[in-house]
$ cat upload.cif   # mmCIF, C-alpha atoms
data_protein
#
loop_
_atom_site.group_PDB
_atom_site.id
_atom_site.type_symbol
_atom_site.label_atom_id
_atom_site.label_comp_id
_atom_site.auth_asym_id
_atom_site.auth_seq_id
_atom_site.Cartn_x
_atom_site.Cartn_y
_atom_site.Cartn_z
ATOM 1 C CA MET A 1 -56.665 4.736 -10.748
ATOM 2 C CA PRO A 2 -54.613 5.055 -13.924
ATOM 3 C CA GLU A 3 -51.009 4.127 -13.505
ATOM 4 C CA LYS A 4 -48.369 6.740 -14.300
ATOM 5 C CA LEU A 5 -46.248 5.463 -17.160
ATOM 6 C CA MET A 6 -42.555 6.226 -17.273
ATOM 7 C CA ASN A 7 -40.363 6.171 -20.348
ATOM 8 C CA VAL A 8 -37.689 3.918 -18.823
ATOM 9 C CA THR A 9 -34.578 3.520 -20.977
ATOM 10 C CA LEU A 10 -32.222 0.560 -20.761
ATOM 11 C CA ILE A 11 -28.886 2.319 -20.333
ATOM 12 C CA THR A 12 -25.745 0.449 -21.421
ATOM 13 C CA GLY A 13 -23.483 3.484 -21.356
ATOM 14 C CA PHE A 14 -23.357 7.248 -20.887
ATOM 15 C CA LEU A 15 -22.047 10.224 -22.848
ATOM 16 C CA LEU A 16 -19.841 12.602 -20.864
ATOM 17 C CA MET A 17 -20.605 16.005 -22.353
ATOM 18 C CA GLY A 18 -18.973 18.230 -19.740
ATOM 19 C CA PHE A 19 -16.553 19.993 -22.075
ATOM 20 C CA PRO A 20 -17.941 23.065 -23.914
ATOM 21 C CA ASP A 21 -18.811 22.676 -27.588
ATOM 22 C CA ASP A 22 -16.263 25.299 -28.625
ATOM 23 C CA GLN A 23 -13.143 23.533 -29.977
ATOM 24 C CA VAL A 24 -10.775 26.210 -28.654
ATOM 25 C CA LEU A 25 -12.217 25.962 -25.148
ATOM 26 C CA GLN A 26 -11.995 22.177 -25.312
ATOM 27 C CA SER A 27 -8.311 22.434 -26.197
ATOM 28 C CA LEU A 28 -7.682 24.868 -23.345
ATOM 29 C CA TYR A 29 -9.484 22.639 -20.834
ATOM 30 C CA ALA A 30 -7.602 19.556 -22.026
ATOM 31 C CA ALA A 31 -4.261 21.377 -21.760
ATOM 32 C CA PHE A 32 -5.190 22.667 -18.296
ATOM 33 C CA PHE A 33 -6.213 19.188 -17.155
ATOM 34 C CA SER A 34 -2.979 17.680 -18.491
ATOM 35 C CA LEU A 35 -0.783 20.237 -16.703
ATOM 36 C CA VAL A 36 -2.698 19.994 -13.432
ATOM 37 C CA TYR A 37 -2.638 16.187 -13.530
ATOM 38 C CA LEU A 38 1.104 16.161 -14.173
ATOM 39 C CA GLU A 39 1.683 18.609 -11.311
ATOM 40 C CA ALA A 40 -0.487 16.545 -8.959
ATOM 41 C CA LEU A 41 1.379 13.340 -9.847
ATOM 42 C CA MET A 42 4.820 14.906 -9.454
ATOM 43 C CA GLY A 43 4.006 16.760 -6.231
ATOM 44 C CA ASN A 44 2.338 13.848 -4.479
ATOM 45 C CA LEU A 45 4.914 11.302 -5.686
ATOM 46 C CA LEU A 46 7.672 13.574 -4.361
ATOM 47 C CA ILE A 47 6.039 13.670 -0.920
ATOM 48 C CA ILE A 48 5.558 9.884 -0.928
ATOM 49 C CA THR A 49 9.209 9.391 -1.925
ATOM 50 C CA LEU A 50 10.574 11.823 0.671
ATOM 51 C CA THR A 51 8.457 10.479 3.539
ATOM 52 C CA THR A 52 9.527 6.944 2.628
ATOM 53 C CA ILE A 53 13.298 7.303 2.198
ATOM 54 C CA ASP A 54 14.173 10.258 4.453
ATOM 55 C CA GLN A 55 14.933 9.160 8.012
ATOM 56 C CA HIS A 56 14.042 12.605 9.397
ATOM 57 C CA LEU A 57 10.437 12.225 8.200
ATOM 58 C CA GLN A 58 9.627 8.924 9.915
ATOM 59 C CA THR A 59 7.041 10.401 12.286
ATOM 60 C CA PRO A 60 3.261 9.827 12.538
ATOM 61 C CA MET A 61 2.497 13.206 10.939
ATOM 62 C CA TYR A 62 4.495 12.360 7.808
ATOM 63 C CA PHE A 63 3.143 8.814 7.716
ATOM 64 C CA LEU A 64 -0.356 10.313 7.534
ATOM 65 C CA LEU A 65 0.811 12.878 4.979
ATOM 66 C CA LYS A 66 2.191 10.067 2.810
ATOM 67 C CA ASN A 67 -1.201 8.361 2.850
ATOM 68 C CA LEU A 68 -2.918 11.648 2.015
ATOM 69 C CA SER A 69 -0.672 12.015 -1.044
ATOM 70 C CA LEU A 70 -1.454 8.433 -2.101
ATOM 71 C CA ILE A 71 -5.187 9.121 -1.826
ATOM 72 C CA ASP A 72 -4.815 12.344 -3.833
ATOM 73 C CA ILE A 73 -3.050 10.487 -6.670
ATOM 74 C CA CYS A 74 -5.823 7.892 -6.749
ATOM 75 C CA TYR A 75 -8.550 10.543 -6.453
ATOM 76 C CA ILE A 76 -7.451 12.648 -9.415
ATOM 77 C CA SER A 77 -6.535 9.569 -11.494
ATOM 78 C CA VAL A 78 -10.133 8.330 -11.457
ATOM 79 C CA THR A 79 -11.508 11.246 -13.480
ATOM 80 C CA VAL A 80 -8.872 13.384 -15.224
ATOM 81 C CA PRO A 81 -7.074 10.783 -17.444
ATOM 82 C CA LYS A 82 -10.415 9.559 -18.807
ATOM 83 C CA SER A 83 -11.524 13.096 -19.660
ATOM 84 C CA ILE A 84 -8.200 13.844 -21.399
ATOM 85 C CA MET A 85 -8.452 10.570 -23.351
ATOM 86 C CA ASN A 86 -12.021 11.406 -24.396
ATOM 87 C CA TYR A 87 -10.833 14.716 -25.800
ATOM 88 C CA LEU A 88 -7.850 13.202 -27.642
ATOM 89 C CA THR A 89 -9.955 10.432 -29.201
ATOM 90 C CA ASN A 90 -12.977 12.696 -29.758
ATOM 91 C CA SER A 91 -15.077 10.158 -27.881
ATOM 92 C CA HIS A 92 -17.465 10.977 -25.051
ATOM 93 C CA SER A 93 -18.711 7.506 -24.183
ATOM 94 C CA ILE A 94 -18.273 5.590 -20.954
ATOM 95 C CA SER A 95 -19.767 2.185 -20.214
ATOM 96 C CA PHE A 96 -22.374 1.624 -17.513
ATOM 97 C CA VAL A 97 -19.838 -0.346 -15.448
ATOM 98 C CA GLY A 98 -17.180 2.304 -16.049
ATOM 99 C CA CYS A 99 -19.551 5.027 -14.890
ATOM 100 C CA ALA A 100 -20.498 3.063 -11.763
ATOM 101 C CA SER A 101 -16.803 2.463 -11.080
ATOM 102 C CA GLN A 102 -16.085 6.181 -11.341
ATOM 103 C CA VAL A 103 -18.860 7.021 -8.896
ATOM 104 C CA PHE A 104 -17.667 4.333 -6.479
ATOM 105 C CA LEU A 105 -13.984 5.288 -6.624
ATOM 106 C CA VAL A 106 -14.547 9.054 -6.420
ATOM 107 C CA ILE A 107 -16.694 8.607 -3.306
ATOM 108 C CA VAL A 108 -14.246 6.076 -1.810
ATOM 109 C CA PHE A 109 -11.254 8.381 -2.168
ATOM 110 C CA ALA A 110 -13.162 11.502 -1.111
ATOM 111 C CA GLY A 111 -14.561 9.697 1.943
ATOM 112 C CA THR A 112 -11.177 8.222 2.822
ATOM 113 C CA GLU A 113 -9.524 11.637 2.526
ATOM 114 C CA PHE A 114 -12.102 13.214 4.821
ATOM 115 C CA ALA A 115 -11.602 10.440 7.390
ATOM 116 C CA LEU A 116 -7.819 10.807 7.127
ATOM 117 C CA LEU A 117 -8.079 14.573 7.671
ATOM 118 C CA LEU A 118 -9.983 13.773 10.875
ATOM 119 C CA VAL A 119 -7.153 11.445 11.939
ATOM 120 C CA MET A 120 -4.602 14.151 11.128
ATOM 121 C CA SER A 121 -6.466 16.646 13.324
ATOM 122 C CA TYR A 122 -6.314 14.105 16.158
ATOM 123 C CA ASP A 123 -2.581 13.728 15.517
ATOM 124 C CA ARG A 124 -2.106 17.501 15.879
ATOM 125 C CA TYR A 125 -4.246 17.481 19.040
ATOM 126 C CA VAL A 126 -2.108 14.785 20.673
ATOM 127 C CA ALA A 127 1.163 16.427 19.543
ATOM 128 C CA ILE A 128 0.260 19.818 21.034
ATOM 129 C CA CYS A 129 -2.016 19.004 23.952
ATOM 130 C CA CYS A 130 -0.358 15.749 25.120
ATOM 131 C CA PRO A 131 3.270 16.053 23.918
ATOM 132 C CA LEU A 132 4.712 13.787 26.633
ATOM 133 C CA HIS A 133 2.441 10.916 25.585
ATOM 134 C CA TYR A 134 2.611 11.567 21.831
ATOM 135 C CA GLU A 135 4.894 8.662 20.907
ATOM 136 C CA ALA A 136 2.936 6.246 23.088
ATOM 137 C CA ILE A 137 -0.464 7.285 21.736
ATOM 138 C CA MET A 138 0.500 7.770 18.082
ATOM 139 C CA ASN A 139 2.667 4.682 17.734
ATOM 140 C CA ARG A 140 3.126 2.873 14.440
ATOM 141 C CA GLY A 141 0.438 0.266 15.144
ATOM 142 C CA ILE A 142 -2.191 2.862 16.061
ATOM 143 C CA CYS A 143 -1.383 4.928 12.957
ATOM 144 C CA VAL A 144 -1.777 1.887 10.693
ATOM 145 C CA GLN A 145 -5.081 1.017 12.365
ATOM 146 C CA MET A 146 -6.450 4.552 11.943
ATOM 147 C CA VAL A 147 -5.388 4.720 8.289
ATOM 148 C CA THR A 148 -6.966 1.287 7.680
ATOM 149 C CA ALA A 149 -10.172 2.485 9.347
ATOM 150 C CA SER A 150 -10.139 5.551 7.070
ATOM 151 C CA TRP A 151 -9.887 3.380 3.950
ATOM 152 C CA PHE A 152 -12.595 1.045 5.265
ATOM 153 C CA SER A 153 -14.975 3.939 5.962
ATOM 154 C CA GLY A 154 -14.344 5.290 2.462
ATOM 155 C CA CYS A 155 -15.156 1.895 0.923
ATOM 156 C CA VAL A 156 -18.385 1.629 2.924
ATOM 157 C CA TYR A 157 -19.283 5.193 1.960
ATOM 158 C CA GLY A 158 -18.638 4.472 -1.725
ATOM 159 C CA SER A 159 -20.600 1.192 -1.675
ATOM 160 C CA ILE A 160 -23.654 2.844 -0.135
ATOM 161 C CA HIS A 161 -23.738 5.694 -2.638
ATOM 162 C CA VAL A 162 -23.092 3.625 -5.759
ATOM 163 C CA ALA A 163 -25.901 1.290 -4.667
ATOM 164 C CA GLY A 164 -28.241 4.221 -4.032
ATOM 165 C CA THR A 165 -27.396 5.969 -7.301
ATOM 166 C CA PHE A 166 -27.670 2.947 -9.593
ATOM 167 C CA SER A 167 -30.758 1.469 -7.936
ATOM 168 C CA VAL A 168 -32.829 3.946 -9.973
ATOM 169 C CA HIS A 169 -34.167 3.618 -13.509
ATOM 170 C CA PHE A 170 -32.936 6.152 -16.045
ATOM 171 C CA CYS A 171 -35.477 7.900 -18.263
ATOM 172 C CA ASP A 172 -35.072 9.314 -21.780
ATOM 173 C CA SER A 173 -31.432 10.396 -21.827
ATOM 174 C CA ASN A 174 -27.947 9.040 -21.198
ATOM 175 C CA ILE A 175 -26.150 12.394 -21.552
ATOM 176 C CA VAL A 176 -24.180 13.420 -18.452
ATOM 177 C CA HIS A 177 -23.290 17.101 -18.514
ATOM 178 C CA GLN A 178 -19.999 16.569 -16.709
ATOM 179 C CA PHE A 179 -16.497 15.403 -17.561
ATOM 180 C CA PHE A 180 -16.990 12.388 -15.270
ATOM 181 C CA CYS A 181 -19.864 10.462 -13.730
ATOM 182 C CA ASP A 182 -20.940 12.259 -10.584
ATOM 183 C CA ILE A 183 -23.994 11.593 -8.459
ATOM 184 C CA PRO A 184 -25.921 14.897 -8.939
ATOM 185 C CA SER A 185 -25.665 14.683 -12.733
ATOM 186 C CA LEU A 186 -26.792 11.050 -12.768
ATOM 187 C CA LEU A 187 -29.735 11.726 -10.460
ATOM 188 C CA THR A 188 -31.048 14.313 -12.923
ATOM 189 C CA LEU A 189 -31.375 11.471 -15.458
ATOM 190 C CA ALA A 190 -33.333 9.244 -13.074
ATOM 191 C CA CYS A 191 -37.046 8.710 -13.436
ATOM 192 C CA SER A 192 -39.144 10.996 -11.270
ATOM 193 C CA GLY A 193 -39.469 9.886 -7.642
ATOM 194 C CA GLU A 194 -36.788 7.208 -7.785
ATOM 195 C CA GLN A 195 -34.005 9.329 -6.285
ATOM 196 C CA ILE A 196 -35.418 9.135 -2.755
ATOM 197 C CA LEU A 197 -33.139 6.310 -1.564
ATOM 198 C CA GLU A 198 -29.958 8.110 -2.648
ATOM 199 C CA TYR A 199 -31.219 11.379 -1.149
ATOM 200 C CA VAL A 200 -31.696 9.552 2.158
ATOM 201 C CA PHE A 201 -28.128 8.203 1.908
ATOM 202 C CA ILE A 202 -26.852 11.718 1.169
ATOM 203 C CA ILE A 203 -28.663 13.187 4.180
ATOM 204 C CA VAL A 204 -27.367 10.436 6.494
ATOM 205 C CA SER A 205 -23.850 10.856 5.095
ATOM 206 C CA CYS A 206 -23.983 14.609 5.641
ATOM 207 C CA CYS A 207 -25.087 14.090 9.240
ATOM 208 C CA PHE A 208 -22.217 11.663 9.847
ATOM 209 C CA ALA A 209 -19.770 14.045 8.138
ATOM 210 C CA PHE A 210 -21.026 16.850 10.375
ATOM 211 C CA VAL A 211 -20.339 14.731 13.484
ATOM 212 C CA CYS A 212 -16.796 14.054 12.227
ATOM 213 C CA PHE A 213 -16.338 17.747 11.458
ATOM 214 C CA SER A 214 -17.492 18.560 15.005
ATOM 215 C CA PHE A 215 -14.742 16.313 16.398
ATOM 216 C CA MET A 216 -12.273 18.131 14.142
ATOM 217 C CA VAL A 217 -13.450 21.513 15.447
ATOM 218 C CA ALA A 218 -13.264 20.263 19.046
ATOM 219 C CA SER A 219 -9.655 19.170 18.456
ATOM 220 C CA TYR A 220 -8.722 22.646 17.304
ATOM 221 C CA VAL A 221 -10.564 24.292 20.193
ATOM 222 C CA TYR A 222 -8.308 22.340 22.576
ATOM 223 C CA ILE A 223 -5.271 23.084 20.396
ATOM 224 C CA VAL A 224 -5.941 26.847 20.389
ATOM 225 C CA SER A 225 -6.544 26.916 24.141
ATOM 226 C CA THR A 226 -3.252 25.051 24.706
ATOM 227 C CA VAL A 227 -1.334 27.337 22.329
ATOM 228 C CA LEU A 228 -2.673 30.460 24.049
ATOM 229 C CA ARG A 229 -1.187 29.256 27.344
ATOM 230 C CA ILE A 230 2.333 29.242 25.858
ATOM 231 C CA PRO A 231 4.092 32.284 27.382
ATOM 232 C CA SER A 232 6.180 33.474 24.402
ATOM 233 C CA SER A 233 4.628 34.747 21.175
ATOM 234 C CA GLN A 234 7.359 33.000 19.184
ATOM 235 C CA GLY A 235 6.516 29.705 20.882
ATOM 236 C CA ARG A 236 2.816 30.181 20.129
ATOM 237 C CA PHE A 237 3.504 30.932 16.480
ATOM 238 C CA LYS A 238 5.919 28.014 16.074
ATOM 239 C CA THR A 239 3.501 25.558 17.683
ATOM 240 C CA PHE A 240 0.420 26.663 15.790
ATOM 241 C CA SER A 241 2.321 26.842 12.479
ATOM 242 C CA THR A 242 2.542 23.026 12.539
ATOM 243 C CA CYS A 243 -1.264 23.001 12.168
ATOM 244 C CA MET A 244 -1.520 25.519 9.328
ATOM 245 C CA PRO A 245 -0.991 23.068 6.413
ATOM 246 C CA HIS A 246 -3.643 20.730 7.819
ATOM 247 C CA LEU A 247 -6.077 23.596 8.429
ATOM 248 C CA THR A 248 -5.556 24.888 4.886
ATOM 249 C CA VAL A 249 -6.069 21.431 3.356
ATOM 250 C CA VAL A 250 -9.246 20.905 5.417
ATOM 251 C CA THR A 251 -10.593 24.324 4.398
ATOM 252 C CA LEU A 252 -9.880 23.646 0.718
ATOM 253 C CA PHE A 253 -11.412 20.159 0.853
ATOM 254 C CA LEU A 254 -14.592 21.160 2.692
ATOM 255 C CA SER A 255 -15.175 24.416 0.806
ATOM 256 C CA SER A 256 -14.785 22.621 -2.532
ATOM 257 C CA GLY A 257 -17.215 19.889 -1.526
ATOM 258 C CA PHE A 258 -20.026 22.056 -0.158
ATOM 259 C CA ILE A 259 -20.592 24.703 -2.823
ATOM 260 C CA PRO A 260 -24.337 25.064 -3.439
ATOM 261 C CA VAL A 261 -25.213 25.222 -7.135
ATOM 262 C CA PRO A 262 -29.001 24.842 -7.383
ATOM 263 C CA ASP A 263 -30.422 24.998 -10.934
ATOM 264 C CA SER A 264 -27.088 26.225 -12.241
ATOM 265 C CA PRO A 265 -26.089 26.171 -15.922
ATOM 266 C CA HIS A 266 -23.909 23.320 -17.149
ATOM 267 C CA LEU A 267 -20.781 25.508 -17.339
ATOM 268 C CA VAL A 268 -21.093 26.420 -13.651
ATOM 269 C CA ASP A 269 -21.591 22.755 -12.752
ATOM 270 C CA PHE A 270 -18.491 21.925 -14.769
ATOM 271 C CA LEU A 271 -16.355 24.547 -13.015
ATOM 272 C CA VAL A 272 -17.586 23.476 -9.577
ATOM 273 C CA SER A 273 -16.803 19.824 -10.320
ATOM 274 C CA VAL A 274 -13.300 20.862 -11.416
ATOM 275 C CA PHE A 275 -12.921 22.741 -8.151
ATOM 276 C CA TYR A 276 -13.770 19.789 -5.901
ATOM 277 C CA SER A 277 -12.271 16.935 -7.947
ATOM 278 C CA VAL A 278 -9.113 18.452 -9.442
ATOM 279 C CA LEU A 279 -7.853 21.319 -7.298
ATOM 280 C CA PRO A 280 -7.523 19.615 -3.857
ATOM 281 C CA PRO A 281 -5.277 16.757 -5.100
ATOM 282 C CA SER A 282 -3.117 19.207 -7.061
ATOM 283 C CA LEU A 283 -2.840 21.904 -4.380
ATOM 284 C CA ASN A 284 -2.379 19.663 -1.331
ATOM 285 C CA PRO A 285 1.312 18.863 -2.020
ATOM 286 C CA ILE A 286 2.021 22.579 -2.492
ATOM 287 C CA ILE A 287 0.184 23.507 0.704
ATOM 288 C CA CYS A 288 1.865 20.771 2.738
ATOM 289 C CA SER A 289 5.383 21.609 1.579
ATOM 290 C CA LEU A 290 5.359 25.378 1.065
ATOM 291 C CA ARG A 291 5.629 26.307 4.763
ATOM 292 C CA ASN A 292 7.173 23.062 5.980
ATOM 293 C CA LYS A 293 10.879 23.469 6.721
ATOM 294 C CA GLU A 294 11.393 19.725 7.222
ATOM 295 C CA ILE A 295 9.973 18.939 3.786
ATOM 296 C CA LYS A 296 12.144 21.639 2.217
ATOM 297 C CA ALA A 297 15.216 20.278 3.987
ATOM 298 C CA ALA A 298 14.331 16.753 2.830
ATOM 299 C CA VAL A 299 14.058 17.999 -0.760
ATOM 300 C CA MET A 300 17.522 19.566 -0.512
ATOM 301 C CA ARG A 301 18.988 16.346 0.926
ATOM 302 C CA PHE A 302 17.306 14.322 -1.823
ATOM 303 C CA LEU A 303 18.634 16.613 -4.578
ATOM 304 C CA TRP A 304 22.125 16.578 -3.020
ATOM 305 C CA LYS A 305 22.189 12.773 -2.944
ATOM 306 C CA LEU A 306 20.791 12.592 -6.458
ATOM 307 C CA SER A 307 23.418 14.985 -7.839
ATOM 308 C CA HIS A 308 26.255 13.111 -6.118
ATOM 309 C CA TYR A 309 24.934 9.788 -7.396
ATOM 310 C CA THR A 310 24.746 11.166 -10.941
ATOM 311 C CA PHE A 311 28.290 12.572 -10.664
ATOM 312 C CA TYR A 312 29.535 9.214 -9.355
ATOM 313 C CA GLU A 313 27.894 7.370 -12.272
ATOM 314 C CA GLU A 314 29.478 9.734 -14.774
ATOM 315 C CA GLU A 315 32.904 9.211 -13.175
ATOM 316 C CA GLN A 316 32.514 5.464 -13.510
#

$ encode --input "upload.cif" --output "structure tokens"
Amino acid sequence: MPEKLMNVTLITGFLLMGFPDDQVLQSLYAAFFSLVYLEALMGNLLIITLTTIDQHLQTPMYFLLKNLSLIDICYISVTVPKSIMNYLTNSHSISFVGCASQVFLVIVFAGTEFALLLVMSYDRYVAICCPLHYEAIMNRGICVQMVTASWFSGCVYGSIHVAGTFSVHFCDSNIVHQFFCDIPSLLTLACSGEQILEYVFIIVSCCFAFVCFSFMVASYVYIVSTVLRIPSSQGRFKTFSTCMPHLTVVTLFLSSGFIPVPDSPHLVDFLVSVFYSVLPPSLNPIICSLRNKEIKAAVMRFLWKLSHYTFYEEEQ
């Protein structure tokens, strides 16, 4: 039987060609990325600062929120600064190691965020369904252990996928039609038939993610049933409103990560990748603080202290 020959190319780097060719559109995208990145940094750093220094926010919920903000800063910092730098320097290249690092870190932070959202749903379940035992169950040690487990699961998740993606041989081209190295774009460059291992990893990962999502849904089934037993409508609204930021963040994260785009043009792929890699880290701080009275009060206390400190320095 004749062997099927493949044009295997030794890849030492990739070209990130996600931005449109039009110079005006490139400028608009770069400006948009810069503004969104700045907003994400400022919003998440503000939440980290407030939940660290404000004594009223030293609860398990805000400890988890602080870690979510840290993950969001790391998540968006893996891809956006590099894409902005590529535009400013008119360079589209990224090394093989740099590309593998991007894949690893994006998956690590995305996996860690998903695991942390599961922990946060458990926190809301304990707070509403077992309020008398909340402090005992969600003590500082348990919270640290669950956050550590979230980071560990993200690292395992990232290691598996970077191994599966870069175990293939790349044929013919090194052009990635994205603004960062993502797994679907890289798999399109792989030689025919070599993507099976990574596809298996993706299927297994999706099954595991579905199990975790099922636990999240079960938590909210118990939460809703508990809330419905509260006699007053005001009490029901007040109790369930503590879950709304988490529910909104989960909806945004999952909807952005599971948008089917089969055989889509490069522009659609680009917009979808922006949706799942840029919008969640930038919108999460807004979602978590917009309807949260404690965060708003902490901001006012922080600004009051800052203004008094500035006035005191000027007097000196």

$ resolve_selection --input "upload.cif" --expression "the PyMOL selection byres ((chain A and resi 212-221) around 8)" --output "number ranges by chain"
A: 115, 118, 121-122, 125, 208-211, 222-225

$ atom_distance --input "upload.cif" --atom1 "atom CA of Pro280 of chain A" --atom2 "atom CA of Val36 of chain A"
10.7 Å

$ resolve_selection --input "upload.cif" --expression "the PyMOL selection byres ((chain A and resi 168-179) around 9)" --output "PyMOL selection string"
chain A and resi 6-19+79-80+82-83+92+164-167+180-182+185-192+194-195+197-198+266-267+269-270+273-274

$ resolve_selection --input "upload.cif" --expression "the PyMOL selection byres ((chain A and resi 56) around 12)" --output "PyMOL selection string"
chain A and resi 50-55+57-63+293-299+301-302

$ atom_distance --input "upload.cif" --atom1 "atom CA of Phe240 of chain A" --atom2 "atom CA of Leu132 of chain A"
17.4 Å

$ atom_distance --input "upload.cif" --atom1 "atom CA of Gln145 of chain A" --atom2 "atom CA of Val162 of chain A"
25.7 Å

$ closest_residue --input "upload.cif" --among "A:Thr112, A:Asn86, A:Ser34, A:Gln26" --to "Ser150 of chain A" --atoms "all atoms listed in the file"
A:Thr112

$ closest_residue --input "upload.cif" --among "A:Leu303, A:Leu64, A:Ala163, A:Leu279" --to "Val147 of chain A" --atoms "all atoms listed in the file"
A:Leu64

$ residues_near_point --input "upload.cif" --point "(-16.2, 4.5, -11.5)" --cutoff "12 Å" --atoms "all atoms listed in the file" --output "ChimeraX atom specification"
/A:74-75,77-79,82,94-109,158-159,161-162,166,180-183

$ write_last_selection --input "upload.cif" --atoms "C-alpha atoms" --output "CSV table (one decimal), keeping the file's coordinate frame"
chain,number,residue,atom,x,y,z
A,74,CYS,CA,-5.8,7.9,-6.7
A,75,TYR,CA,-8.6,10.5,-6.5
A,77,SER,CA,-6.5,9.6,-11.5
A,78,VAL,CA,-10.1,8.3,-11.5
A,79,THR,CA,-11.5,11.2,-13.5
A,82,LYS,CA,-10.4,9.6,-18.8
A,94,ILE,CA,-18.3,5.6,-21.0
A,95,SER,CA,-19.8,2.2,-20.2
A,96,PHE,CA,-22.4,1.6,-17.5
A,97,VAL,CA,-19.8,-0.3,-15.4
A,98,GLY,CA,-17.2,2.3,-16.0
A,99,CYS,CA,-19.6,5.0,-14.9
A,100,ALA,CA,-20.5,3.1,-11.8
A,101,SER,CA,-16.8,2.5,-11.1
A,102,GLN,CA,-16.1,6.2,-11.3
A,103,VAL,CA,-18.9,7.0,-8.9
A,104,PHE,CA,-17.7,4.3,-6.5
A,105,LEU,CA,-14.0,5.3,-6.6
A,106,VAL,CA,-14.5,9.1,-6.4
A,107,ILE,CA,-16.7,8.6,-3.3
A,108,VAL,CA,-14.2,6.1,-1.8
A,109,PHE,CA,-11.3,8.4,-2.2
A,158,GLY,CA,-18.6,4.5,-1.7
A,159,SER,CA,-20.6,1.2,-1.7
A,161,HIS,CA,-23.7,5.7,-2.6
A,162,VAL,CA,-23.1,3.6,-5.8
A,166,PHE,CA,-27.7,2.9,-9.6
A,180,PHE,CA,-17.0,12.4,-15.3
A,181,CYS,CA,-19.9,10.5,-13.7
A,182,ASP,CA,-20.9,12.3,-10.6
A,183,ILE,CA,-24.0,11.6,-8.5

$ closest_residue --input "upload.cif" --among "A:Ile48, A:Met138, A:Leu306, A:Cys288" --to "Asn67 of chain A" --atoms "all atoms listed in the file"
A:Ile48

$ residues_near_point --input "upload.cif" --point "(0.9, 8.5, 19.4)" --cutoff "10 Å" --atoms "only C-alpha atoms" --output "ChimeraX atom specification"
/A:59-61,122-123,126-127,130-143

$ closest_residue --input "upload.cif" --among "A:Leu65, A:Leu28, A:Ile128, A:Val227" --to "His246 of chain A" --atoms "only C-alpha atoms"
A:Leu65

$ residues_around --input "upload.cif" --residues "Ile286 of chain A" --least-positions-apart "3" --cutoff "12 Å" --atoms "only C-alpha atoms" --output "number ranges by chain"
A: 39-44, 46-47, 69, 245-246, 248-249, 279-283, 289-292, 295-296

$ axis_aligned_box --input "upload.cif" --around "segment 271-281 of chain A" --padding-each-side "3 Å" --output "JSON"
{"center_x": -11.4, "center_y": 20.7, "center_z": -8.4, "size_x": 18.3, "size_y": 13.8, "size_z": 15.2}
